[in-house]
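Undergrad: What follows is target_35.txt; its format and atoms are compact mmCIF, C-alpha atoms and all ligand atoms.
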# COMPACT_ATOMS: atom_id res chain seq x y z
CA MET A 184 83.65 74.76 206.83
CA PRO A 185 85.05 74.48 210.36
CA LEU A 186 86.57 71.15 211.26
CA PRO A 187 86.77 69.54 214.69
CA ALA A 188 90.18 70.07 216.22
CA PHE A 189 90.62 66.45 217.28
CA ARG A 190 89.29 63.10 216.25
CA ASN A 191 87.03 61.46 218.87
CA SER A 192 88.68 58.56 220.68
CA ARG A 193 87.21 55.06 220.34
CA SER A 194 86.19 55.26 223.98
CA LYS A 195 84.31 58.52 223.50
CA VAL A 196 82.52 57.19 220.39
CA ARG A 197 81.52 54.01 222.20
CA ARG A 198 80.31 55.94 225.25
CA ARG A 199 78.14 58.11 222.98
CA ARG A 200 76.77 55.09 221.12
CA SER A 201 75.98 53.20 224.33
CA HIS A 202 72.54 54.88 224.23
CA ASP A 203 71.84 54.23 220.54
CA ALA A 204 70.64 50.63 220.79
CA LEU A 205 67.01 50.03 219.80
CA LYS A 206 64.68 48.71 222.44
CA PRO A 207 62.24 45.93 221.60
CA ILE A 208 58.68 47.05 220.88
CA ALA A 209 56.31 46.39 223.80
CA ILE A 210 53.53 44.22 222.39
CA GLY A 211 50.52 43.44 224.54
CA VAL A 212 47.37 41.41 223.97
CA CYS A 213 43.96 42.99 223.37
CA LYS A 214 41.63 42.17 226.25
CA VAL A 215 38.62 42.12 223.95
CA CYS A 216 39.69 40.16 220.86
CA GLY A 217 43.06 38.72 221.92
CA ALA A 218 44.99 40.17 218.98
CA ASP A 219 48.52 41.55 219.36
CA GLN A 220 48.36 45.22 220.31
CA LEU A 221 50.85 48.05 220.77
CA SER A 222 50.70 49.41 224.31
CA HIS A 223 48.97 52.79 224.66
CA HIS A 224 47.39 52.32 221.22
CA ALA A 225 43.91 51.29 220.16
CA CYS A 226 43.64 47.69 218.96
CA ALA A 227 44.22 47.55 215.19
CA LYS A 228 41.79 44.66 214.80
CA CYS A 229 38.72 45.66 216.83
CA GLY A 230 39.49 49.38 217.37
CA LYS A 231 38.96 49.27 221.13
CA TYR A 232 41.06 50.89 223.82
CA ASN A 233 40.55 49.91 227.45
CA GLY A 234 37.32 48.17 226.42
CA ARG A 235 36.00 51.37 224.82
CA GLN A 236 35.28 51.66 221.07
CA VAL A 237 37.54 54.46 219.82
CA LYS A 238 37.90 53.76 216.10
CA GLY A 239 36.91 51.46 213.28
CA GLY A 240 33.51 50.32 214.48
CA MET A 241 31.26 48.23 212.24
CA GLU A 242 29.74 51.45 210.82
CA GLU A 243 33.17 52.62 209.66
CA VAL A 244 33.88 49.23 208.06
CA GLU A 245 30.53 49.32 206.25
CA LYS A 246 31.23 52.85 205.03
CA LYS A 247 34.62 51.75 203.68
CA LEU A 248 33.06 48.76 201.88
CA ILE A 249 30.38 50.96 200.32
CA LYS A 250 33.04 53.46 199.20
CA LYS A 251 35.12 50.64 197.69
CA ALA A 252 32.10 49.22 195.86
CA LYS A 253 31.27 52.65 194.44
CA LYS A 254 34.86 53.07 193.23
CA GLU A 255 34.82 49.67 191.53
CA LYS A 256 31.50 50.47 189.91
CA ALA A 257 32.92 53.74 188.57
CA LYS A 258 35.96 51.87 187.21
CA LYS A 259 33.70 49.35 185.45
CA VAL A 260 31.70 52.16 183.85
CA VAL A 261 34.90 53.77 182.57
CA LYS A 262 36.15 50.43 181.20
CA GLU A 263 32.82 49.75 179.47
CA GLU A 264 32.80 53.21 177.94
CA ALA A 265 36.38 53.06 176.70
CA PRO A 266 35.95 50.34 174.00
CA LYS A 267 32.85 52.08 172.60
CA ALA A 268 34.85 55.27 172.05
CA GLU A 269 37.51 53.45 170.02
ZN ZN A 301 41.06 43.98 219.86
Mind turning the file's structure into structure tokens?
TA:
Amino acid sequence: MPLPAFRNSRSKVRRRRSHDALKPIAIGVCKVCGADQLSHHACAKCGKYNGRQVKGGMEEVEKKLIKKAKKEKAKKVVKEEAPKAE
């Protein structure tokens, strides 16, 4: 493997790393529900962006709940069947 001819000076390393610092995340407030919100992202709580519903409306929440209930029901059935088989 080729090796660099010279070691980088402290100054050069520090100059390079002067751009490596992390910037703080820009957190805004949702205009609709007042929750903390990442800028240029839909609100995680109400799913609105610029006052417009873009994701996670009540229908989606209901769908998720129904899916969860179905899963739990299926689990219960499996659990009830398991002892009978033994
Ligand atoms: Zn919101």
Undergrad: With all atoms listed in the file as the atoms that count, which of A:Lys256, A:Arg198, A:Lys231, A:His224 lies nearest to ligand ZN 301 (chain A)?
TA: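 Ranking A:Lys256, A:Arg198, A:Lys231, A:His224 by distance to ligand ZN 301 (chain A), first place goes to A:Lys231.
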Undergrad: Figure out the distance between atom CA of Ala257 of chain A and atom CA of Lys228 of chain A, please, to one decimal in Å.
TA: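 Going from atom CA of Lys228 of chain A over to atom CA of Ala257 of chain A, I get 29.1 Å.
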Undergrad: Give me, please, the distance in Å between atom CA of Glu245 of chain A and atom CA of Glu263 of chain A, quoted to one decimal.
TA: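 Distance reported for this atom pair: 26.9 Å.
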Undergrad: Return as a list in words every polymer residue, whether protein, DNA or RNA, with at least one atom no more than 10 Å from an atom of ligand ZN 301 (chain A); count only C-alpha atoms and all ligand atoms.
TA: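 Counting only what the definition allows, namely only C-alpha atoms and all ligand atoms, the set is Val212, Cys213, Lys214, Val215, Cys216, Gly217, Ala218, Asp219, Gln220, Ala225, Cys226, Ala227, Lys228, Cys229, Gly230, Lys231, Tyr232, Asn233, Gly234 and Gln236 of chain A.
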